[in-house]
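Asker: Got a structure for you, structure.pdb, holding PDB, C-alpha atoms.
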```pdb
ATOM      1  CA  MET A 242     -35.505 -76.240 195.730
ATOM      2  CA  SER A 243     -36.611 -72.750 196.653
ATOM      3  CA  PRO A 244     -37.274 -69.346 195.136
ATOM      4  CA  THR A 245     -34.940 -66.408 195.444
ATOM      5  CA  LEU A 246     -36.553 -63.350 196.982
ATOM      6  CA  CYS A 247     -35.521 -59.739 196.710
ATOM      7  CA  VAL A 248     -36.164 -57.239 199.395
ATOM      8  CA  GLY A 249     -37.149 -53.654 198.778
ATOM      9  CA  PHE A 250     -36.464 -50.341 200.412
ATOM     10  CA  PHE A 251     -38.457 -47.162 200.109
ATOM     11  CA  LEU A 252     -39.158 -43.902 201.840
ATOM     12  CA  CYS A 253     -42.576 -43.639 203.438
ATOM     13  CA  SER A 254     -42.207 -39.995 204.295
ATOM     14  CA  PRO A 255     -40.552 -37.013 202.615
ATOM     15  CA  LEU A 256     -39.693 -35.675 206.092
ATOM     16  CA  PHE A 257     -36.888 -38.239 206.411
ATOM     17  CA  ALA A 258     -34.199 -35.843 205.172
ATOM     18  CA  GLN A 259     -35.065 -33.377 207.943
ATOM     19  CA  ALA A 260     -35.596 -35.809 210.817
ATOM     20  CA  ALA A 261     -33.400 -35.792 213.923
ATOM     21  CA  GLU A 262     -34.948 -39.199 214.580
ATOM     22  CA  VAL A 263     -35.809 -41.637 211.824
ATOM     23  CA  THR A 264     -38.316 -44.438 212.328
ATOM     24  CA  VAL A 265     -37.519 -47.551 210.310
ATOM     25  CA  ALA A 266     -39.853 -50.506 209.803
ATOM     26  CA  VAL A 267     -37.596 -53.515 209.259
ATOM     27  CA  ALA A 268     -38.671 -56.938 208.046
ATOM     28  CA  SER A 269     -37.460 -59.430 210.629
ATOM     29  CA  ASN A 270     -35.211 -61.208 208.167
ATOM     30  CA  PHE A 271     -32.957 -58.107 208.086
ATOM     31  CA  SER A 272     -33.027 -57.250 211.807
ATOM     32  CA  VAL A 273     -29.461 -58.262 212.688
ATOM     33  CA  PRO A 274     -27.712 -56.279 209.923
ATOM     34  CA  MET A 275     -30.075 -53.333 210.422
ATOM     35  CA  ARG A 276     -29.189 -53.046 214.110
ATOM     36  CA  LYS A 277     -25.539 -52.706 213.130
ATOM     37  CA  ILE A 278     -26.347 -50.227 210.353
ATOM     38  CA  ALA A 279     -28.439 -48.142 212.768
ATOM     39  CA  GLN A 280     -25.670 -48.153 215.361
ATOM     40  CA  ASN A 281     -23.119 -46.953 212.801
ATOM     41  CA  PHE A 282     -25.512 -44.330 211.401
ATOM     42  CA  GLU A 283     -26.165 -42.918 214.870
ATOM     43  CA  ALA A 284     -22.447 -42.798 215.656
ATOM     44  CA  GLU A 285     -21.604 -41.045 212.386
ATOM     45  CA  THR A 286     -24.493 -38.557 212.204
ATOM     46  CA  GLY A 287     -25.750 -38.015 215.736
ATOM     47  CA  HIS A 288     -29.272 -38.752 214.486
ATOM     48  CA  LYS A 289     -31.375 -41.311 216.335
ATOM     49  CA  VAL A 290     -32.740 -44.419 214.608
ATOM     50  CA  ARG A 291     -35.848 -46.043 216.031
ATOM     51  CA  LEU A 292     -36.293 -49.582 214.688
ATOM     52  CA  SER A 293     -39.555 -51.459 214.535
ATOM     53  CA  LEU A 294     -39.060 -55.145 213.702
ATOM     54  CA  GLY A 295     -41.806 -57.332 212.310
ATOM     55  CA  SER A 296     -43.429 -58.835 209.258
ATOM     56  CA  THR A 297     -43.687 -57.068 205.921
ATOM     57  CA  GLY A 298     -47.442 -57.686 205.775
ATOM     58  CA  GLY A 299     -47.903 -56.240 209.249
ATOM     59  CA  PHE A 300     -45.990 -53.113 208.275
ATOM     60  CA  TYR A 301     -48.047 -52.786 205.097
ATOM     61  CA  ALA A 302     -51.236 -52.730 207.191
ATOM     62  CA  GLN A 303     -49.747 -50.188 209.601
ATOM     63  CA  ILE A 304     -48.606 -47.877 206.791
ATOM     64  CA  LYS A 305     -52.031 -48.118 205.127
ATOM     65  CA  ASN A 306     -53.485 -46.943 208.431
ATOM     66  CA  GLY A 307     -51.074 -44.061 208.955
ATOM     67  CA  GLY A 308     -48.174 -45.905 210.619
ATOM     68  CA  PRO A 309     -45.406 -43.486 211.628
ATOM     69  CA  PHE A 310     -42.530 -44.871 209.543
ATOM     70  CA  HIS A 311     -40.007 -42.882 207.556
ATOM     71  CA  ILE A 312     -38.468 -45.966 205.932
ATOM     72  CA  LEU A 313     -39.614 -49.511 205.197
ATOM     73  CA  LEU A 314     -37.119 -52.322 204.676
ATOM     74  CA  SER A 315     -39.404 -54.932 203.164
ATOM     75  CA  ALA A 316     -38.766 -58.642 202.668
ATOM     76  CA  ASP A 317     -40.135 -58.438 199.129
ATOM     77  CA  ARG A 318     -40.380 -56.109 196.150
ATOM     78  CA  GLU A 319     -44.151 -56.272 195.838
ATOM     79  CA  THR A 320     -45.077 -54.506 199.080
ATOM     80  CA  PRO A 321     -43.074 -51.310 198.432
ATOM     81  CA  ALA A 322     -44.383 -51.249 194.842
ATOM     82  CA  LYS A 323     -47.942 -51.615 196.090
ATOM     83  CA  LEU A 324     -47.474 -48.782 198.594
ATOM     84  CA  GLU A 325     -45.985 -46.571 195.888
ATOM     85  CA  ASN A 326     -48.912 -47.358 193.559
ATOM     86  CA  GLU A 327     -51.296 -46.440 196.384
ATOM     87  CA  ALA A 328     -49.501 -43.074 196.839
ATOM     88  CA  LEU A 329     -48.353 -44.040 200.338
ATOM     89  CA  SER A 330     -44.648 -43.529 199.714
ATOM     90  CA  VAL A 331     -42.228 -41.187 198.054
ATOM     91  CA  PRO A 332     -42.202 -42.123 194.343
ATOM     92  CA  GLY A 333     -38.944 -43.391 192.908
ATOM     93  CA  THR A 334     -37.296 -44.280 196.226
ATOM     94  CA  ARG A 335     -37.580 -48.062 195.964
ATOM     95  CA  PHE A 336     -34.497 -50.197 195.434
ATOM     96  CA  THR A 337     -33.333 -53.725 196.192
ATOM     97  CA  TYR A 338     -30.884 -53.783 199.082
ATOM     98  CA  ALA A 339     -30.415 -57.555 199.420
ATOM     99  CA  THR A 340     -31.478 -60.858 197.954
ATOM    100  CA  GLY A 341     -32.325 -63.989 199.843
ATOM    101  CA  GLN A 342     -32.909 -67.624 199.160
ATOM    102  CA  LEU A 343     -35.208 -69.874 201.136
ATOM    103  CA  VAL A 344     -33.336 -72.594 203.046
ATOM    104  CA  LEU A 345     -34.318 -75.403 205.375
ATOM    105  CA  TRP A 346     -32.477 -75.363 208.715
ATOM    106  CA  SER A 347     -32.280 -77.444 211.871
ATOM    107  CA  ARG A 348     -30.130 -77.552 214.970
ATOM    108  CA  GLN A 349     -29.929 -81.283 214.278
ATOM    109  CA  PRO A 350     -27.652 -81.716 211.209
ATOM    110  CA  ASP A 351     -29.144 -85.107 210.309
ATOM    111  CA  LEU A 352     -32.540 -83.458 209.740
ATOM    112  CA  VAL A 353     -31.503 -81.404 206.714
ATOM    113  CA  ASP A 354     -30.064 -82.310 203.337
ATOM    114  CA  GLN A 355     -29.275 -80.446 200.116
ATOM    115  CA  GLN A 356     -32.330 -81.735 198.224
ATOM    116  CA  GLY A 357     -34.884 -81.391 201.029
ATOM    117  CA  ASP A 358     -35.540 -85.128 201.062
ATOM    118  CA  ILE A 359     -36.133 -84.914 204.797
ATOM    119  CA  LEU A 360     -39.421 -83.208 203.972
ATOM    120  CA  LYS A 361     -40.531 -86.211 201.922
ATOM    121  CA  LEU A 362     -39.565 -88.648 204.674
ATOM    122  CA  GLY A 363     -41.406 -86.647 207.345
ATOM    123  CA  LYS A 364     -39.182 -87.928 210.161
ATOM    124  CA  PHE A 365     -39.666 -84.831 212.281
ATOM    125  CA  GLN A 366     -42.443 -83.645 214.567
ATOM    126  CA  LYS A 367     -42.727 -79.935 213.749
ATOM    127  CA  LEU A 368     -41.867 -77.727 210.772
ATOM    128  CA  ALA A 369     -41.662 -73.975 211.437
ATOM    129  CA  ILE A 370     -42.742 -71.491 208.778
ATOM    130  CA  ALA A 371     -43.533 -67.794 208.894
ATOM    131  CA  ASN A 372     -47.137 -66.698 208.380
ATOM    132  CA  PRO A 373     -47.520 -66.716 204.590
ATOM    133  CA  LYS A 374     -50.087 -63.901 204.736
ATOM    134  CA  LEU A 375     -47.651 -61.572 206.495
ATOM    135  CA  ALA A 376     -44.143 -62.758 205.682
ATOM    136  CA  PRO A 377     -42.787 -63.227 202.154
ATOM    137  CA  TYR A 378     -40.510 -66.050 203.329
ATOM    138  CA  GLY A 379     -43.569 -67.825 204.706
ATOM    139  CA  ALA A 380     -45.268 -67.460 201.330
ATOM    140  CA  ALA A 381     -42.096 -68.803 199.659
ATOM    141  CA  ALA A 382     -42.107 -71.796 202.030
ATOM    142  CA  VAL A 383     -45.721 -72.581 201.108
ATOM    143  CA  GLN A 384     -44.903 -72.176 197.411
ATOM    144  CA  THR A 385     -41.958 -74.561 197.757
ATOM    145  CA  LEU A 386     -43.990 -77.166 199.642
ATOM    146  CA  ASN A 387     -46.753 -76.951 197.032
ATOM    147  CA  LYS A 388     -44.224 -77.358 194.210
ATOM    148  CA  LEU A 389     -42.861 -80.458 195.954
ATOM    149  CA  GLY A 390     -46.420 -81.772 196.440
ATOM    150  CA  LEU A 391     -45.913 -81.900 200.216
ATOM    151  CA  PHE A 392     -47.974 -78.998 201.548
ATOM    152  CA  ASN A 393     -51.094 -80.972 202.507
ATOM    153  CA  ASP A 394     -49.105 -83.868 203.977
ATOM    154  CA  LEU A 395     -46.920 -81.601 206.118
ATOM    155  CA  ARG A 396     -49.527 -79.016 207.120
ATOM    156  CA  PRO A 397     -50.413 -80.855 210.381
ATOM    157  CA  LYS A 398     -46.754 -80.499 211.418
ATOM    158  CA  PHE A 399     -46.615 -76.706 210.916
ATOM    159  CA  VAL A 400     -45.664 -74.369 213.713
ATOM    160  CA  GLN A 401     -46.346 -70.889 212.391
ATOM    161  CA  GLY A 402     -44.539 -67.760 213.468
ATOM    162  CA  GLU A 403     -45.616 -64.222 212.660
ATOM    163  CA  ASN A 404     -42.217 -63.512 211.135
ATOM    164  CA  ILE A 405     -38.873 -65.119 210.381
ATOM    165  CA  ASN A 406     -37.475 -64.276 213.847
ATOM    166  CA  GLN A 407     -40.213 -66.304 215.518
ATOM    167  CA  VAL A 408     -39.509 -69.189 213.146
ATOM    168  CA  PHE A 409     -35.845 -69.013 214.161
ATOM    169  CA  GLN A 410     -36.839 -69.085 217.836
ATOM    170  CA  PHE A 411     -39.004 -72.173 217.289
ATOM    171  CA  VAL A 412     -36.117 -74.075 215.718
ATOM    172  CA  GLN A 413     -33.447 -72.655 218.040
ATOM    173  CA  THR A 414     -35.426 -73.799 221.108
ATOM    174  CA  GLU A 415     -36.307 -77.070 219.330
ATOM    175  CA  ASN A 416     -40.036 -76.458 219.626
ATOM    176  CA  ALA A 417     -39.797 -77.285 215.915
ATOM    177  CA  GLN A 418     -37.100 -79.602 214.619
ATOM    178  CA  ILE A 419     -36.781 -77.873 211.237
ATOM    179  CA  GLY A 420     -37.815 -74.559 209.731
ATOM    180  CA  PHE A 421     -37.661 -72.433 206.619
ATOM    181  CA  PHE A 422     -35.336 -69.398 206.772
ATOM    182  CA  GLN A 423     -33.552 -67.132 204.359
ATOM    183  CA  GLU A 424     -29.980 -67.066 203.265
ATOM    184  CA  GLN A 425     -29.346 -63.400 202.593
ATOM    185  CA  ARG A 426     -26.805 -61.519 200.520
ATOM    186  CA  SER A 427     -26.374 -57.764 200.548
ATOM    187  CA  ILE A 428     -26.487 -56.048 197.170
ATOM    188  CA  PHE A 429     -24.059 -53.306 198.181
TER     189      PHE A 429
END
```
Rewrite the coordinates I just gave you, this time as structure tokens.
Answerer:
Amino acid sequence: MSPTLCVGFFLCSPLFAQAAEVTVAVASNFSVPMRKIAQNFEAETGHKVRLSLGSTGGFYAQIKNGGPFHILLSADRETPAKLENEALSVPGTRFTYATGQLVLWSRQPDLVDQQGDILKLGKFQKLAIANPKLAPYGAAAVQTLNKLGLFNDLRPKFVQGENINQVFQFVQTENAQIGFFQEQRSIF
């Protein structure tokens, strides 16, 4: 039903290797594992990690305008490649650190099914998606709905979050009955 997305990593600044504190821009879809990684890194090295959580598109705009990040953990491959092509990163530092697949989720088990038929039936009030202009998983949700021919029919039911964490909050608090998220697998 949905596309598989890869997420990219790259160094924004060559000063990273010398930093006592590293500033990491983290796409919201990777915030939980990154908090654990940062905690372990700090314990093992004594270096401080400052995390900034948000949407990939928002971080792209900040980096273009001089944002103070040493590392970007993006929710797609395209954004790091674009920044590298624009000479705004250290060349050759990009790699895929995880893959994810778009999934439909609800706190109400009867509102989701393997084929996404619930979307066709429309028996829900609100559908949460991340902003497709800022969040790759939002763009993937729009792509999926277009492929199913449901985008225009369901658009009035959209509740849009800036990033995947806000989408989760909408569904978790039941301000939206269903929402598009990612199922993520680490590459290493």
Asker: Rounded to one decimal place, report the atom CA of A:Asn306-atom CA of A:Asn404 distance in Å.
Answerer: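 Atom CA of A:Asn306 sits 20.2 Å away from atom CA of A:Asn404.
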Asker: Could you give me, as a PyMOL selection string, the residues that have an atom at most 10 Å away from the point (-51.6, -54.7, 203.1) in the coordinates of the file, using all atoms listed in the file?
Answerer: chain A and resi 297-306+320+323-324+374-375
Asker: Can you list, as an MDAnalysis selection string, every protein, DNA or RNA residue that comes within 6 Å of A:Ile405 when you count only C-alpha atoms, leaving out same-chain residues fewer than 3 positions away?
Answerer: chainID A and resid 269:270 371 408
Asker: Let me know the residues the PyMOL selection byres ((chain A and resi 295) around 6) catches in the file above, as a ChimeraX atom specification.
Answerer: /A:268-269,294,296
Asker: Determine, counting all atoms listed in the file, which protein, DNA and RNA residues have an atom within 10 Å of an atom of stretch 417-421 of chain A; residues of the same chain fewer than 2 positions away are not included. Present the result as a ChimeraX atom specification.
Answerer: /A:343-350,352-353,359-360,364-371,378-379,381-383,398-401,405,408-415,423-424
Asker: Would you compute the distance between atom CA of A:Pro274 and atom CA of A:Leu292? Give it in Å to one decimal.
Answerer: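 According to the coordinates, atom CA of A:Pro274 and atom CA of A:Leu292 are separated by 11.9 Å.
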Asker: Have a look at atom CA of A:Leu314 and atom CA of A:Phe271 and let me know their distance in Å, one decimal.
Answerer: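 It comes out at 7.9 Å.
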Asker: Using all atoms listed in the file for the distances, tell me which of A:Asp394, A:Pro377, A:Gln342, A:Gln280 is nearest to A:Leu362.
Answerer: A:Asp394
Asker: Using only C-alpha atoms for the distances, tell me which of A:Asn372, A:Thr286, A:Thr264, A:Ser330 is nearest to A:His311.
Answerer: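 With only C-alpha atoms as the atom set, the closest residue is A:Thr264.
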Asker: A:Phe282, A:Pro321, A:Gly341, A:Gly363: which is nearest A:Phe422, counting all atoms listed in the file?
Answerer: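 Among the listed residues, A:Gly341 lies closest to A:Phe422.
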Asker: Once the PyMOL selection byres ((chain A and resi 262) around 8) has been applied to the shown file, what residues remain in the selection, as a VMD selection string?
Answerer: chain A and resid 260 to 261 263 to 264 288 to 291
Asker: Of the candidates A:Glu403, A:Gly333, A:Asn416, A:Gly390, which one gets nearest to A:Lys361 if we count all atoms listed in the file?
Answerer: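 Ranking A:Glu403, A:Gly333, A:Asn416, A:Gly390 by distance to A:Lys361, first place goes to A:Gly390.
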Asker: Can I get a file of stretch 382-408 of chain A from the given structure, N, CA and C atoms kept, as a PDB file, in the first residue's frame?
Answerer:
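What ended up in out19.pdb:
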```pdb
ATOM      1  N   ALA A 382       2.424   9.919   2.464  1.00  0.00           N
ATOM      2  CA  ALA A 382       0.989   9.727   2.728  1.00  0.00           C
ATOM      3  C   ALA A 382       0.159  10.293   1.586  1.00  0.00           C
ATOM      4  N   VAL A 383       0.502  11.496   1.131  1.00  0.00           N
ATOM      5  CA  VAL A 383      -0.210  12.109   0.005  1.00  0.00           C
ATOM      6  C   VAL A 383      -0.058  11.254  -1.244  1.00  0.00           C
ATOM      7  N   GLN A 384       1.152  10.780  -1.506  1.00  0.00           N
ATOM      8  CA  GLN A 384       1.407   9.929  -2.665  1.00  0.00           C
ATOM      9  C   GLN A 384       0.548   8.666  -2.601  1.00  0.00           C
ATOM     10  N   THR A 385       0.469   8.059  -1.435  1.00  0.00           N
ATOM     11  CA  THR A 385      -0.327   6.846  -1.260  1.00  0.00           C
ATOM     12  C   THR A 385      -1.811   7.126  -1.492  1.00  0.00           C
ATOM     13  N   LEU A 386      -2.304   8.212  -0.912  1.00  0.00           N
ATOM     14  CA  LEU A 386      -3.722   8.552  -1.081  1.00  0.00           C
ATOM     15  C   LEU A 386      -4.045   8.873  -2.541  1.00  0.00           C
ATOM     16  N   ASN A 387      -3.120   9.538  -3.225  1.00  0.00           N
ATOM     17  CA  ASN A 387      -3.325   9.797  -4.657  1.00  0.00           C
ATOM     18  C   ASN A 387      -3.351   8.500  -5.453  1.00  0.00           C
ATOM     19  N   LYS A 388      -2.437   7.588  -5.140  1.00  0.00           N
ATOM     20  CA  LYS A 388      -2.373   6.304  -5.849  1.00  0.00           C
ATOM     21  C   LYS A 388      -3.663   5.508  -5.647  1.00  0.00           C
ATOM     22  N   LEU A 389      -4.247   5.625  -4.455  1.00  0.00           N
ATOM     23  CA  LEU A 389      -5.502   4.937  -4.161  1.00  0.00           C
ATOM     24  C   LEU A 389      -6.714   5.691  -4.708  1.00  0.00           C
ATOM     25  N   GLY A 390      -6.493   6.903  -5.229  1.00  0.00           N
ATOM     26  CA  GLY A 390      -7.593   7.722  -5.740  1.00  0.00           C
ATOM     27  C   GLY A 390      -8.474   8.298  -4.646  1.00  0.00           C
ATOM     28  N   LEU A 391      -7.916   8.469  -3.445  1.00  0.00           N
ATOM     29  CA  LEU A 391      -8.706   8.912  -2.294  1.00  0.00           C
ATOM     30  C   LEU A 391      -8.337  10.293  -1.773  1.00  0.00           C
ATOM     31  N   PHE A 392      -7.293  10.898  -2.310  1.00  0.00           N
ATOM     32  CA  PHE A 392      -6.797  12.153  -1.747  1.00  0.00           C
ATOM     33  C   PHE A 392      -7.893  13.220  -1.685  1.00  0.00           C
ATOM     34  N   ASN A 393      -8.546  13.498  -2.785  1.00  0.00           N
ATOM     35  CA  ASN A 393      -9.554  14.566  -2.806  1.00  0.00           C
ATOM     36  C   ASN A 393     -10.741  14.262  -1.913  1.00  0.00           C
ATOM     37  N   ASP A 394     -11.155  12.993  -1.857  1.00  0.00           N
ATOM     38  CA  ASP A 394     -12.286  12.618  -1.004  1.00  0.00           C
ATOM     39  C   ASP A 394     -11.956  12.764   0.482  1.00  0.00           C
ATOM     40  N   LEU A 395     -10.722  12.436   0.853  1.00  0.00           N
ATOM     41  CA  LEU A 395     -10.344  12.443   2.266  1.00  0.00           C
ATOM     42  C   LEU A 395      -9.765  13.771   2.744  1.00  0.00           C
ATOM     43  N   ARG A 396      -9.386  14.626   1.833  1.00  0.00           N
ATOM     44  CA  ARG A 396      -8.746  15.896   2.208  1.00  0.00           C
ATOM     45  C   ARG A 396      -9.522  16.686   3.266  1.00  0.00           C
ATOM     46  N   PRO A 397     -10.860  16.758   3.203  1.00  0.00           N
ATOM     47  CA  PRO A 397     -11.592  17.486   4.252  1.00  0.00           C
ATOM     48  C   PRO A 397     -11.430  16.887   5.647  1.00  0.00           C
ATOM     49  N   LYS A 398     -10.991  15.638   5.730  1.00  0.00           N
ATOM     50  CA  LYS A 398     -10.817  14.980   7.027  1.00  0.00           C
ATOM     51  C   LYS A 398      -9.393  15.121   7.579  1.00  0.00           C
ATOM     52  N   PHE A 399      -8.494  15.747   6.840  1.00  0.00           N
ATOM     53  CA  PHE A 399      -7.096  15.850   7.258  1.00  0.00           C
ATOM     54  C   PHE A 399      -6.935  16.721   8.504  1.00  0.00           C
ATOM     55  N   VAL A 400      -6.100  16.239   9.389  1.00  0.00           N
ATOM     56  CA  VAL A 400      -5.529  17.023  10.477  1.00  0.00           C
ATOM     57  C   VAL A 400      -4.032  16.964  10.205  1.00  0.00           C
ATOM     58  N   GLN A 401      -3.425  18.109   9.990  1.00  0.00           N
ATOM     59  CA  GLN A 401      -2.029  18.124   9.549  1.00  0.00           C
ATOM     60  C   GLN A 401      -1.094  18.561  10.665  1.00  0.00           C
ATOM     61  N   GLY A 402      -0.086  17.731  10.903  1.00  0.00           N
ATOM     62  CA  GLY A 402       0.951  18.073  11.858  1.00  0.00           C
ATOM     63  C   GLY A 402       2.196  18.534  11.122  1.00  0.00           C
ATOM     64  N   GLU A 403       3.036  19.288  11.799  1.00  0.00           N
ATOM     65  CA  GLU A 403       4.276  19.751  11.177  1.00  0.00           C
ATOM     66  C   GLU A 403       5.224  18.592  10.921  1.00  0.00           C
ATOM     67  N   ASN A 404       5.177  17.594  11.808  1.00  0.00           N
ATOM     68  CA  ASN A 404       6.072  16.452  11.699  1.00  0.00           C
ATOM     69  C   ASN A 404       5.371  15.196  12.203  1.00  0.00           C
ATOM     70  N   ILE A 405       6.064  14.079  12.138  1.00  0.00           N
ATOM     71  CA  ILE A 405       5.466  12.799  12.489  1.00  0.00           C
ATOM     72  C   ILE A 405       5.124  12.720  13.978  1.00  0.00           C
ATOM     73  N   ASN A 406       5.858  13.410  14.844  1.00  0.00           N
ATOM     74  CA  ASN A 406       5.532  13.414  16.271  1.00  0.00           C
ATOM     75  C   ASN A 406       4.189  14.071  16.532  1.00  0.00           C
ATOM     76  N   GLN A 407       3.903  15.158  15.835  1.00  0.00           N
ATOM     77  CA  GLN A 407       2.596  15.802  16.001  1.00  0.00           C
ATOM     78  C   GLN A 407       1.474  14.904  15.494  1.00  0.00           C
ATOM     79  N   VAL A 408       1.724  14.194  14.399  1.00  0.00           N
ATOM     80  CA  VAL A 408       0.728  13.251  13.891  1.00  0.00           C
ATOM     81  C   VAL A 408       0.454  12.185  14.951  1.00  0.00           C
TER      82      VAL A 408
END
```
